[in-house]
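Here's the structure, in structure tokens; my notes come after.
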Amino acid sequence: MKHHSPHPFALAGLLVASLAGAAPQPMPVAVAESESFEAVGRLEAEGLSWYIDRADSNAPVLAARLEVEANGQAVPAVFRPERGDYLINDAAWLAPLRQPGEHMLALTLMAGEESDLLSAELHVDTATDQPAGSVAVLPVGVAGALAGLGGLFWLWRRKVKGGRA
């Protein structure tokens, strides 16, 4: 008796069905705008990263000085030239921001001769069970990868059997 293994695409379908309830967690984001600057902050596993652009041209603001205040404590953000962003990775300062709720932030930006004060609100969803900003595997991406591998396996098997599927 010949043993038949399940078709790879059937396995991918089962995976999609089993992961259908797993939704990606929202990433906490804060947006601050003024007449001169726009800033977008993302609370990720490594810390709170900020991207800053000029409001009139969307040109990135690089190598500026950025300080962010929350809960009465201000910390400097470190500019990362390889990414073009500013990072705050002070775990003690970030701990309250990782709690669910609305967090008010005050940004002080000094770019050359210009300076600006901006305010932002960081919303952290209560449904976030994983560390804020950690990467969640998307079910569709997993299913697509498995389907692609299954297709390659099917072509390989077809070749091994001499063109018969």
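By convention here, the chains of the structure tokens are called A, B, ... in the order presented, each chain's residues are numbered starting at 1, and ligands are numbered starting at 1 in the order presented.
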Query - Residues near Leu62 in chain A, cut-off 9 Å, only C-alpha atoms, skip fewer than 5 positions along chain, as a list in words - result: Ile52, Asp53, Phe79, Arg80, Pro81, Gly84, Asp85, Tyr86 and Ala111 of chain A
Please save N, CA, C and O atoms of the selected residues as an mmCIF file, in the first residue's frame.
```
data_model
loop_
_atom_site.group_PDB
_atom_site.id
_atom_site.type_symbol
_atom_site.label_atom_id
_atom_site.label_comp_id
_atom_site.auth_asym_id
_atom_site.auth_seq_id
_atom_site.Cartn_x
_atom_site.Cartn_y
_atom_site.Cartn_z
ATOM 1 N N ILE A 52 12.257 62.773 12.626
ATOM 2 C CA ILE A 52 11.908 64.192 12.601
ATOM 3 C C ILE A 52 12.135 64.736 11.193
ATOM 4 O O ILE A 52 13.185 64.514 10.589
ATOM 5 N N ASP A 53 11.134 65.455 10.685
ATOM 6 C CA ASP A 53 11.190 66.066 9.354
ATOM 7 C C ASP A 53 10.826 67.535 9.451
ATOM 8 O O ASP A 53 10.170 67.961 10.398
ATOM 9 N N PHE A 79 21.008 60.494 18.527
ATOM 10 C CA PHE A 79 20.865 60.429 17.070
ATOM 11 C C PHE A 79 21.627 59.227 16.539
ATOM 12 O O PHE A 79 22.776 58.985 16.913
ATOM 13 N N ARG A 80 20.963 58.445 15.664
ATOM 14 C CA ARG A 80 21.592 57.286 15.026
ATOM 15 C C ARG A 80 21.701 57.567 13.531
ATOM 16 O O ARG A 80 20.727 57.417 12.790
ATOM 17 N N PRO A 81 22.890 57.979 13.073
ATOM 18 C CA PRO A 81 23.032 58.358 11.670
ATOM 19 C C PRO A 81 22.745 57.218 10.692
ATOM 20 O O PRO A 81 22.267 57.456 9.584
ATOM 21 N N GLY A 84 18.962 57.351 10.734
ATOM 22 C CA GLY A 84 18.352 58.669 10.574
ATOM 23 C C GLY A 84 17.275 58.947 11.604
ATOM 24 O O GLY A 84 16.379 59.749 11.368
ATOM 25 N N ASP A 85 17.373 58.287 12.756
ATOM 26 C CA ASP A 85 16.387 58.514 13.805
ATOM 27 C C ASP A 85 17.071 58.846 15.125
ATOM 28 O O ASP A 85 18.294 58.898 15.208
ATOM 29 N N TYR A 86 16.263 59.089 16.134
ATOM 30 C CA TYR A 86 16.735 59.436 17.473
ATOM 31 C C TYR A 86 16.155 58.390 18.423
ATOM 32 O O TYR A 86 14.954 58.117 18.396
ATOM 33 N N ALA A 111 17.708 72.300 16.339
ATOM 34 C CA ALA A 111 18.307 71.950 15.055
ATOM 35 C C ALA A 111 19.043 73.178 14.527
ATOM 36 O O ALA A 111 18.421 74.091 13.988
#
```
Query - Surrounding residues of Ser49 in chain A excluding itself and chain neighbours under 6 positions, 8 Å, only C-alpha atoms, as a ChimeraX atom specification - result: /A:41-43,85-88
**Report entry** Exercise: range 64-68 of chain A partners within 7 Å, only C-alpha atoms, chain neighbours under 3 positions left out, as an MDAnalysis selection string
**Finding:** chainID A and resid 61 74:77 105:112
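Going from CA of Glu69 in chain A over to CA of Ser36 in chain A, you cover 19.7 Å.
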Report task. List every residue of range 68-134 of chain A that DSSP, applied to the backbone, labels as strand (DSSP E or B), and write the result as a PyMOL selection string. Result -> chain A and resi 68-70+73-80+85-88+101-111+114-124
Those selected residues, please, written with N, CA and C atoms and delivered as a JSON list (two decimals), in the first residue's frame.
```json
[["chain", "number", "residue", "atom", "x", "y", "z"],
["A", 68, "VAL", "N", 13.07, 64.50, 25.32],
["A", 68, "VAL", "CA", 11.66, 64.17, 25.48],
["A", 68, "VAL", "C", 11.34, 64.08, 26.97],
["A", 69, "GLU", "N", 10.24, 64.71, 27.35],
["A", 69, "GLU", "CA", 9.81, 64.70, 28.74],
["A", 69, "GLU", "C", 8.51, 63.93, 28.88],
["A", 70, "ALA", "N", 8.46, 63.07, 29.90],
["A", 70, "ALA", "CA", 7.24, 62.34, 30.25],
["A", 70, "ALA", "C", 7.24, 62.16, 31.76],
["A", 73, "GLN", "N", 9.95, 63.85, 33.91],
["A", 73, "GLN", "CA", 11.37, 63.52, 33.70],
["A", 73, "GLN", "C", 11.72, 63.66, 32.23],
["A", 74, "ALA", "N", 12.81, 64.38, 31.96],
["A", 74, "ALA", "CA", 13.27, 64.57, 30.58],
["A", 74, "ALA", "C", 14.54, 63.76, 30.35],
["A", 75, "VAL", "N", 14.62, 63.16, 29.17],
["A", 75, "VAL", "CA", 15.81, 62.41, 28.78],
["A", 75, "VAL", "C", 16.21, 62.79, 27.35],
["A", 76, "PRO", "N", 17.51, 62.76, 27.07],
["A", 76, "PRO", "CA", 17.95, 63.05, 25.70],
["A", 76, "PRO", "C", 17.79, 61.82, 24.81],
["A", 77, "ALA", "N", 17.51, 62.07, 23.55],
["A", 77, "ALA", "CA", 17.48, 61.01, 22.55],
["A", 77, "ALA", "C", 18.81, 61.03, 21.80],
["A", 78, "VAL", "N", 19.33, 59.86, 21.51],
["A", 78, "VAL", "CA", 20.62, 59.74, 20.81],
["A", 78, "VAL", "C", 20.36, 59.62, 19.31],
["A", 79, "PHE", "N", 21.01, 60.49, 18.53],
["A", 79, "PHE", "CA", 20.86, 60.43, 17.07],
["A", 79, "PHE", "C", 21.63, 59.23, 16.54],
["A", 80, "ARG", "N", 20.96, 58.45, 15.66],
["A", 80, "ARG", "CA", 21.59, 57.29, 15.03],
["A", 80, "ARG", "C", 21.70, 57.57, 13.53],
["A", 85, "ASP", "N", 17.37, 58.29, 12.76],
["A", 85, "ASP", "CA", 16.39, 58.51, 13.81],
["A", 85, "ASP", "C", 17.07, 58.85, 15.12],
["A", 86, "TYR", "N", 16.26, 59.09, 16.13],
["A", 86, "TYR", "CA", 16.74, 59.44, 17.47],
["A", 86, "TYR", "C", 16.15, 58.39, 18.42],
["A", 87, "LEU", "N", 16.99, 57.80, 19.28],
["A", 87, "LEU", "CA", 16.54, 56.72, 20.15],
["A", 87, "LEU", "C", 16.69, 57.06, 21.62],
["A", 88, "ILE", "N", 15.65, 56.73, 22.38],
["A", 88, "ILE", "CA", 15.70, 56.77, 23.84],
["A", 88, "ILE", "C", 15.58, 55.32, 24.29],
["A", 101, "GLY", "N", -2.47, 52.87, 28.19],
["A", 101, "GLY", "CA", -3.07, 54.17, 28.45],
["A", 101, "GLY", "C", -2.53, 55.25, 27.53],
["A", 102, "GLU", "N", -2.89, 56.48, 27.87],
["A", 102, "GLU", "CA", -2.46, 57.67, 27.12],
["A", 102, "GLU", "C", -1.31, 58.33, 27.88],
["A", 103, "HIS", "N", -0.23, 58.64, 27.19],
["A", 103, "HIS", "CA", 0.94, 59.25, 27.82],
["A", 103, "HIS", "C", 1.27, 60.54, 27.09],
["A", 104, "MET", "N", 1.29, 61.64, 27.84],
["A", 104, "MET", "CA", 1.62, 62.94, 27.25],
["A", 104, "MET", "C", 3.14, 63.11, 27.22],
["A", 105, "LEU", "N", 3.65, 63.59, 26.08],
["A", 105, "LEU", "CA", 5.08, 63.79, 25.89],
["A", 105, "LEU", "C", 5.33, 65.23, 25.46],
["A", 106, "ALA", "N", 6.42, 65.80, 25.94],
["A", 106, "ALA", "CA", 6.86, 67.13, 25.52],
["A", 106, "ALA", "C", 8.23, 66.98, 24.89],
["A", 107, "LEU", "N", 8.38, 67.47, 23.66],
["A", 107, "LEU", "CA", 9.64, 67.36, 22.93],
["A", 107, "LEU", "C", 10.29, 68.73, 22.83],
["A", 108, "THR", "N", 11.58, 68.78, 23.10],
["A", 108, "THR", "CA", 12.38, 69.99, 22.88],
["A", 108, "THR", "C", 13.38, 69.64, 21.79],
["A", 109, "LEU", "N", 13.29, 70.36, 20.68],
["A", 109, "LEU", "CA", 14.15, 70.09, 19.53],
["A", 109, "LEU", "C", 15.02, 71.30, 19.24],
["A", 110, "MET", "N", 16.33, 71.07, 19.08],
["A", 110, "MET", "CA", 17.26, 72.12, 18.71],
["A", 110, "MET", "C", 18.01, 71.65, 17.46],
["A", 111, "ALA", "N", 17.71, 72.30, 16.34],
["A", 111, "ALA", "CA", 18.31, 71.95, 15.05],
["A", 111, "ALA", "C", 19.04, 73.18, 14.53],
["A", 114, "GLU", "N", 17.71, 76.81, 15.04],
["A", 114, "GLU", "CA", 16.28, 76.72, 15.32],
["A", 114, "GLU", "C", 16.02, 75.86, 16.55],
["A", 115, "SER", "N", 14.97, 76.22, 17.27],
["A", 115, "SER", "CA", 14.52, 75.38, 18.38],
["A", 115, "SER", "C", 13.01, 75.40, 18.39],
["A", 116, "ASP", "N", 12.43, 74.33, 18.91],
["A", 116, "ASP", "CA", 10.98, 74.22, 18.92],
["A", 116, "ASP", "C", 10.54, 73.33, 20.07],
["A", 117, "LEU", "N", 9.34, 73.60, 20.57],
["A", 117, "LEU", "CA", 8.71, 72.77, 21.58],
["A", 117, "LEU", "C", 7.49, 72.12, 20.93],
["A", 118, "LEU", "N", 7.39, 70.81, 21.06],
["A", 118, "LEU", "CA", 6.28, 70.08, 20.47],
["A", 118, "LEU", "C", 5.65, 69.19, 21.53],
["A", 119, "SER", "N", 4.39, 68.89, 21.37],
["A", 119, "SER", "CA", 3.74, 67.96, 22.30],
["A", 119, "SER", "C", 3.15, 66.80, 21.50],
["A", 120, "ALA", "N", 3.12, 65.65, 22.15],
["A", 120, "ALA", "CA", 2.61, 64.44, 21.50],
["A", 120, "ALA", "C", 1.91, 63.59, 22.55],
["A", 121, "GLU", "N", 1.06, 62.71, 22.07],
["A", 121, "GLU", "CA", 0.37, 61.77, 22.94],
["A", 121, "GLU", "C", 0.68, 60.36, 22.43],
["A", 122, "LEU", "N", 1.17, 59.53, 23.33],
["A", 122, "LEU", "CA", 1.49, 58.14, 23.00],
["A", 122, "LEU", "C", 0.37, 57.27, 23.53],
["A", 123, "HIS", "N", -0.28, 56.53, 22.65],
["A", 123, "HIS", "CA", -1.36, 55.63, 23.06],
["A", 123, "HIS", "C", -0.84, 54.21, 23.05],
["A", 124, "VAL", "N", -0.89, 53.57, 24.22],
["A", 124, "VAL", "CA", -0.47, 52.16, 24.34],
["A", 124, "VAL", "C", -1.73, 51.35, 24.57]]
```
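Each of A:Ala55, A:Leu97, A:Leu48, A:Ala63 was checked against Glu35 in chain A using only C-alpha atoms; the smallest atom-to-atom distance is that of A:Ala55.
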Query - Coordinates-based distance that separates CA of Pro28 in chain A from CA of Glu44 in chain A (Å, one decimal) - result: 7.8 Å
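Computed from the coordinates, the CA of Asp125 in chain A to CA of Val40 in chain A distance equals 17.4 Å.
Minimum atom-to-atom distances from A:Pro60, A:Arg98, A:Trp93, A:Asn71 to Ala45 in chain A were compared using only C-alpha atoms, and the lowest value belongs to A:Arg98.
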Once DSSP has gone over the backbone, tell me which residues of range 36-147 of chain A are in helix (DSSP H, G or I), as an mmCIF file with all heavy atoms, in the first residue's frame.
```cif
data_model
loop_
_atom_site.group_PDB
_atom_site.id
_atom_site.type_symbol
_atom_site.label_atom_id
_atom_site.label_comp_id
_atom_site.auth_asym_id
_atom_site.auth_seq_id
_atom_site.Cartn_x
_atom_site.Cartn_y
_atom_site.Cartn_z
ATOM 1 N N ALA A 91 15.650 52.280 30.131
ATOM 2 C CA ALA A 91 14.610 51.335 30.550
ATOM 3 C C ALA A 91 13.744 51.874 31.678
ATOM 4 O O ALA A 91 12.521 51.692 31.662
ATOM 5 C CB ALA A 91 15.246 50.007 30.949
ATOM 6 N N ALA A 92 14.345 52.533 32.653
ATOM 7 C CA ALA A 92 13.574 53.062 33.783
ATOM 8 C C ALA A 92 12.622 54.165 33.318
ATOM 9 O O ALA A 92 11.472 54.242 33.766
ATOM 10 C CB ALA A 92 14.514 53.590 34.869
ATOM 11 N N TRP A 93 13.060 55.024 32.406
ATOM 12 C CA TRP A 93 12.223 56.111 31.898
ATOM 13 C C TRP A 93 11.103 55.548 31.014
ATOM 14 O O TRP A 93 9.977 56.037 31.022
ATOM 15 C CB TRP A 93 13.084 57.103 31.121
ATOM 16 C CG TRP A 93 12.347 58.326 30.664
ATOM 17 C CD1 TRP A 93 12.107 59.457 31.386
ATOM 18 C CD2 TRP A 93 11.767 58.536 29.370
ATOM 19 N NE1 TRP A 93 11.405 60.355 30.618
ATOM 20 C CE2 TRP A 93 11.188 59.819 29.381
ATOM 21 C CE3 TRP A 93 11.682 57.774 28.215
ATOM 22 C CZ2 TRP A 93 10.531 60.353 28.284
ATOM 23 C CZ3 TRP A 93 11.025 58.300 27.117
ATOM 24 C CH2 TRP A 93 10.456 59.581 27.154
ATOM 25 N N LEU A 94 11.423 54.492 30.252
ATOM 26 C CA LEU A 94 10.449 53.904 29.334
ATOM 27 C C LEU A 94 9.391 53.050 30.034
ATOM 28 O O LEU A 94 8.289 52.878 29.512
ATOM 29 C CB LEU A 94 11.169 53.044 28.292
ATOM 30 C CG LEU A 94 11.989 53.796 27.257
ATOM 31 C CD1 LEU A 94 12.891 52.837 26.505
ATOM 32 C CD2 LEU A 94 11.080 54.552 26.301
ATOM 33 N N ALA A 95 9.709 52.506 31.202
ATOM 34 C CA ALA A 95 8.811 51.561 31.879
ATOM 35 C C ALA A 95 7.381 52.099 32.029
ATOM 36 O O ALA A 95 6.423 51.394 31.679
ATOM 37 C CB ALA A 95 9.385 51.147 33.226
ATOM 38 N N PRO A 96 7.169 53.322 32.521
ATOM 39 C CA PRO A 96 5.785 53.813 32.633
ATOM 40 C C PRO A 96 5.109 53.981 31.266
ATOM 41 O O PRO A 96 3.891 53.824 31.156
ATOM 42 C CB PRO A 96 5.922 55.172 33.324
ATOM 43 C CG PRO A 96 7.288 55.201 33.912
ATOM 44 C CD PRO A 96 8.123 54.256 33.114
ATOM 45 N N LEU A 97 5.885 54.287 30.227
ATOM 46 C CA LEU A 97 5.312 54.478 28.891
ATOM 47 C C LEU A 97 4.864 53.163 28.266
ATOM 48 O O LEU A 97 4.058 53.157 27.339
ATOM 49 C CB LEU A 97 6.315 55.156 27.959
ATOM 50 C CG LEU A 97 6.752 56.564 28.351
ATOM 51 C CD1 LEU A 97 7.725 57.113 27.325
ATOM 52 C CD2 LEU A 97 5.558 57.481 28.507
ATOM 53 N N ARG A 98 5.376 52.061 28.752
ATOM 54 C CA ARG A 98 4.985 50.753 28.223
ATOM 55 C C ARG A 98 3.673 50.252 28.832
ATOM 56 O O ARG A 98 3.111 49.265 28.376
ATOM 57 C CB ARG A 98 6.096 49.738 28.458
ATOM 58 C CG ARG A 98 7.368 50.064 27.669
ATOM 59 C CD ARG A 98 8.311 48.895 27.655
ATOM 60 N NE ARG A 98 9.574 49.202 27.016
ATOM 61 C CZ ARG A 98 9.785 49.267 25.707
ATOM 62 N NH1 ARG A 98 8.797 49.050 24.876
ATOM 63 N NH2 ARG A 98 10.978 49.540 25.223
ATOM 64 N N PRO A 139 0.165 35.931 10.284
ATOM 65 C CA PRO A 139 -0.280 34.644 9.782
ATOM 66 C C PRO A 139 -0.232 34.552 8.268
ATOM 67 O O PRO A 139 0.141 33.523 7.719
ATOM 68 C CB PRO A 139 -1.720 34.545 10.287
ATOM 69 C CG PRO A 139 -1.787 35.469 11.437
ATOM 70 C CD PRO A 139 -0.798 36.556 11.169
ATOM 71 N N VAL A 140 -0.589 35.626 7.572
ATOM 72 C CA VAL A 140 -0.584 35.595 6.117
ATOM 73 C C VAL A 140 0.838 35.391 5.596
ATOM 74 O O VAL A 140 1.068 34.638 4.664
ATOM 75 C CB VAL A 140 -1.199 36.889 5.544
ATOM 76 C CG1 VAL A 140 -1.060 36.953 4.047
ATOM 77 C CG2 VAL A 140 -2.654 36.994 5.968
ATOM 78 N N GLY A 141 1.810 36.033 6.223
ATOM 79 C CA GLY A 141 3.202 35.872 5.804
ATOM 80 C C GLY A 141 3.701 34.453 6.014
ATOM 81 O O GLY A 141 4.384 33.879 5.177
ATOM 82 N N VAL A 142 3.341 33.858 7.138
ATOM 83 C CA VAL A 142 3.743 32.477 7.411
ATOM 84 C C VAL A 142 3.090 31.541 6.403
ATOM 85 O O VAL A 142 3.737 30.661 5.835
ATOM 86 C CB VAL A 142 3.359 32.075 8.858
ATOM 87 C CG1 VAL A 142 3.571 30.598 9.086
ATOM 88 C CG2 VAL A 142 4.168 32.886 9.851
ATOM 89 N N ALA A 143 1.788 31.726 6.178
ATOM 90 C CA ALA A 143 1.080 30.872 5.237
ATOM 91 C C ALA A 143 1.652 31.025 3.829
ATOM 92 O O ALA A 143 1.824 30.035 3.103
ATOM 93 C CB ALA A 143 -0.409 31.201 5.242
ATOM 94 N N GLY A 144 1.966 32.257 3.440
ATOM 95 C CA GLY A 144 2.555 32.479 2.116
ATOM 96 C C GLY A 144 3.903 31.803 1.972
ATOM 97 O O GLY A 144 4.200 31.193 0.939
ATOM 98 N N ALA A 145 4.723 31.894 3.018
ATOM 99 C CA ALA A 145 6.034 31.239 2.965
ATOM 100 C C ALA A 145 5.873 29.729 2.874
ATOM 101 O O ALA A 145 6.561 29.056 2.087
ATOM 102 C CB ALA A 145 6.856 31.615 4.197
ATOM 103 N N LEU A 146 4.973 29.169 3.667
ATOM 104 C CA LEU A 146 4.749 27.724 3.611
ATOM 105 C C LEU A 146 4.171 27.295 2.269
ATOM 106 O O LEU A 146 4.550 26.246 1.732
ATOM 107 C CB LEU A 146 3.833 27.281 4.743
ATOM 108 C CG LEU A 146 4.477 27.257 6.123
ATOM 109 C CD1 LEU A 146 3.445 26.881 7.172
ATOM 110 C CD2 LEU A 146 5.647 26.297 6.163
ATOM 111 N N ALA A 147 3.278 28.094 1.727
ATOM 112 C CA ALA A 147 2.715 27.772 0.423
ATOM 113 C C ALA A 147 3.808 27.788 -0.650
ATOM 114 O O ALA A 147 3.857 26.914 -1.521
ATOM 115 C CB ALA A 147 1.598 28.743 0.068
#
```
